[in-house]
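Single-structure report; data block below.
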Amino acid sequence: MTASPPAFELSPTEQAQLAALRRGDENAFRELVAEYHGAMVRIAQMFVDDRDIAEQVAQEAWLGVLRGLERFQGRSSLKTWLFTIVSNLAKTRGKREKRTIPFSFFALRKLENYDQDTDEPAVPENRFRDAKDLYAGHWAMKPVPWEVDPERVALNSELMKYLEAAVEMLPEQQRIVITLRDIQGWTAEEVCNALGIAETNQRVLLHRARSKVRRAMEEYLQ
Amino acid sequence: MTNELTCQELVELVTDYFENALTETERARVEQHLASCDGCDTYVEQMRETIETLGKLQEKDVSAEAQEKLLTVFRDWRLETGE
């Protein structure tokens with residue numbers, strides 16, 4: 001803890017949004033809800049099972065946001081602050097609800113260690129030639145190109161549901177990081193700030209998560 | 001270039017490669033390997049497709065019911081703060 005963090009300033013848009021909210025401007029609130037509520041429910045869903053509960057948690061979070069407006073000092077972006085409030089609430093709530101695994105996840109169970117947060121390789125060892133081989137460490141079973149049209153993949157609702165399940169099945173930290181980065185489109189920096197983790201740690205979690213989801217896709221597409 | 005990367009090593013570098021977190025030397029080793037290994041080339045492509053597909057998981061719109069509830073929360077809060 002030597003250097004102090006670089007000074008953060010709210011963007012002009014967020015400054016205006018904040019000022020309007022503090023004045024009690026209902027339209028400003030509506031706009032913010034339209035922009036962030038969906039993401040907040042999704043964040044809550046990472047910690048609680050039930051969509052209705054996630055919705056409830058997100059609504060509670062908004063109340064927390066409004067009540068915290070006076071104290072908010074703008075040391076992070078408004079967005080990061082909103083998401084921190086909802087994730088903290090959902091974490092507390094999630095500990096009370098025991099996570100259960102829906103039936104649709106059984107297909108993913110075949111993938112060894114999928115839901116474990118161990119130091120597992122991106123690709124199982126048995127896909128590579130072993131140490132006795134002249135080409136040790138090279139593919140024994142090469143990946144086969146997927147025959148999916150990237151433009152049309154979103155129309156395959158079964159695949160999309162499977163993919164959602166694949167993300168849901170990941171160990172908690174990996175699930176959070178990949179959701180924020182790849183589904184919500186946050187930058188690495190935003191994720192590190194919101195979760196309070198180091199850049200390298202963020203990358204390790206992202207790597208494990210993406211590698212597993214690729215394995216899940218491969219399992220499905222073969 | 002001294003020792004060549006194995007495929008097993010390469011698959012662990014993909015995220016660092018995408019995130020520009022490799023040194024110049026490491027990056028060159030990855031690219032050299034990819035140029036001559038179709039298995040790894042496919043693998044990296046699949047990682048890209050995975051990321052791209054994840055990006056297509058859609059946010060759901062705010063339901064009218066949720067919107068109503070939130071507006072009530074907002075109006076109550078405004079009363080609470082003595083507006």
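Identifiers in this document derive from the order of the structure tokens: chains are assigned A, B, ..., residues are numbered from 1 separately in each chain, and ligands are numbered from 1 in order of occurrence.
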Residue list for chain B near chain A as a count of residues only, 7 Å, only C-alpha atoms: 24
So that I can see what lies close to Gln174 of chain A, please list as a list in words the residues with an atom at most 7 Å from it, counting only C-alpha atoms and leaving out residues fewer than 3 positions away in the same chain. Leu170, Pro171, Val177, Ile178, Leu205, Leu206 and Ala209 of chain A
Using only C-alpha atoms, determine which residues lie at most 12 Å from Lys91 of chain A, disregarding the query and same-chain residues fewer than 3 positions distant; provide the list as a ChimeraX atom specification. /A:43-49,54,57-58,61,83-88,94-99,172-173,176
Please return, as a PDB file with C-alpha atoms, in the first residue's frame, all residues of segment 4-83 of chain B that DSSP assigns to alpha helix (DSSP H) on the basis of the backbone.
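part04.pdb written:
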```
ATOM      1  CA  CYS B   7       0.240 -27.324 -27.670  1.00  0.00           C
ATOM      2  CA  GLN B   8      -0.399 -28.110 -24.015  1.00  0.00           C
ATOM      3  CA  GLU B   9       1.483 -24.945 -23.036  1.00  0.00           C
ATOM      4  CA  LEU B  10      -0.174 -22.856 -25.700  1.00  0.00           C
ATOM      5  CA  VAL B  14      -4.732 -18.008 -24.864  1.00  0.00           C
ATOM      6  CA  THR B  15      -6.349 -15.577 -22.417  1.00  0.00           C
ATOM      7  CA  ASP B  16      -3.084 -13.722 -21.795  1.00  0.00           C
ATOM      8  CA  TYR B  17      -2.663 -13.598 -25.572  1.00  0.00           C
ATOM      9  CA  PHE B  18      -6.139 -12.111 -26.099  1.00  0.00           C
ATOM     10  CA  GLU B  24       6.955  -9.562 -26.858  1.00  0.00           C
ATOM     11  CA  THR B  25       8.936 -12.806 -26.810  1.00  0.00           C
ATOM     12  CA  GLU B  26       6.049 -14.882 -25.522  1.00  0.00           C
ATOM     13  CA  ARG B  27       3.720 -13.351 -28.052  1.00  0.00           C
ATOM     14  CA  ALA B  28       6.125 -14.177 -30.861  1.00  0.00           C
ATOM     15  CA  ARG B  29       6.375 -17.779 -29.637  1.00  0.00           C
ATOM     16  CA  VAL B  30       2.593 -18.097 -29.575  1.00  0.00           C
ATOM     17  CA  GLU B  31       2.232 -16.667 -33.059  1.00  0.00           C
ATOM     18  CA  GLN B  32       5.016 -18.822 -34.425  1.00  0.00           C
ATOM     19  CA  HIS B  33       3.354 -21.906 -33.000  1.00  0.00           C
ATOM     20  CA  LEU B  34      -0.072 -20.934 -34.360  1.00  0.00           C
ATOM     21  CA  ALA B  35       1.335 -20.431 -37.829  1.00  0.00           C
ATOM     22  CA  SER B  36       2.346 -24.065 -38.042  1.00  0.00           C
ATOM     23  CA  ASP B  38      -3.737 -26.312 -37.196  1.00  0.00           C
ATOM     24  CA  GLY B  39      -4.947 -27.941 -33.961  1.00  0.00           C
ATOM     25  CA  CYS B  40      -3.991 -24.878 -31.919  1.00  0.00           C
ATOM     26  CA  ASP B  41      -5.253 -22.557 -34.600  1.00  0.00           C
ATOM     27  CA  THR B  42      -8.663 -24.244 -34.361  1.00  0.00           C
ATOM     28  CA  TYR B  43      -8.460 -24.088 -30.576  1.00  0.00           C
ATOM     29  CA  VAL B  44      -7.806 -20.340 -30.526  1.00  0.00           C
ATOM     30  CA  GLU B  45     -10.603 -19.814 -33.042  1.00  0.00           C
ATOM     31  CA  GLN B  46     -12.977 -21.796 -30.800  1.00  0.00           C
ATOM     32  CA  MET B  47     -12.025 -19.632 -27.826  1.00  0.00           C
ATOM     33  CA  ARG B  48     -12.882 -16.566 -29.929  1.00  0.00           C
ATOM     34  CA  GLU B  49     -16.212 -18.094 -30.959  1.00  0.00           C
ATOM     35  CA  THR B  50     -16.959 -18.937 -27.328  1.00  0.00           C
ATOM     36  CA  ILE B  51     -16.399 -15.327 -26.270  1.00  0.00           C
ATOM     37  CA  GLU B  52     -18.407 -14.013 -29.193  1.00  0.00           C
ATOM     38  CA  THR B  53     -21.318 -16.332 -28.430  1.00  0.00           C
ATOM     39  CA  LEU B  54     -21.291 -15.378 -24.742  1.00  0.00           C
ATOM     40  CA  ALA B  64     -43.736  -3.468 -16.620  1.00  0.00           C
ATOM     41  CA  GLU B  65     -44.405  -4.910 -13.187  1.00  0.00           C
ATOM     42  CA  ALA B  66     -40.843  -4.320 -12.002  1.00  0.00           C
ATOM     43  CA  GLN B  67     -40.899  -0.844 -13.472  1.00  0.00           C
ATOM     44  CA  GLU B  68     -44.077  -0.025 -11.499  1.00  0.00           C
ATOM     45  CA  LYS B  69     -42.619  -1.356  -8.269  1.00  0.00           C
ATOM     46  CA  LEU B  70     -39.440   0.609  -8.736  1.00  0.00           C
ATOM     47  CA  LEU B  71     -41.325   3.814  -9.365  1.00  0.00           C
ATOM     48  CA  THR B  72     -43.224   3.246  -6.125  1.00  0.00           C
ATOM     49  CA  VAL B  73     -39.909   2.732  -4.348  1.00  0.00           C
ATOM     50  CA  PHE B  74     -38.688   5.975  -5.873  1.00  0.00           C
ATOM     51  CA  ARG B  75     -41.787   7.985  -4.908  1.00  0.00           C
ATOM     52  CA  ASP B  76     -41.704   6.640  -1.348  1.00  0.00           C
ATOM     53  CA  TRP B  77     -38.071   7.563  -1.099  1.00  0.00           C
ATOM     54  CA  ARG B  78     -38.838  11.081  -2.274  1.00  0.00           C
ATOM     55  CA  LEU B  79     -41.472  11.457   0.437  1.00  0.00           C
ATOM     56  CA  GLU B  80     -39.062  10.030   2.981  1.00  0.00           C
TER      57      GLU B  80
END
```
Atom CA of Val65 of chain A to atom CA of Gly82 of chain B measures 17.1 Å
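Take atom CA of Arg93 of chain A and atom CA of Glu158 of chain A: the distance between them is 29.8 Å.
Closest to Lys79 of chain A among A:Leu195, A:Ile53, A:Ala16, A:Leu32 is A:Leu32, based on only C-alpha atoms.
Coordinates place atom CA of Leu82 of chain A at a distance of 14.7 Å from atom CA of Ala28 of chain A.
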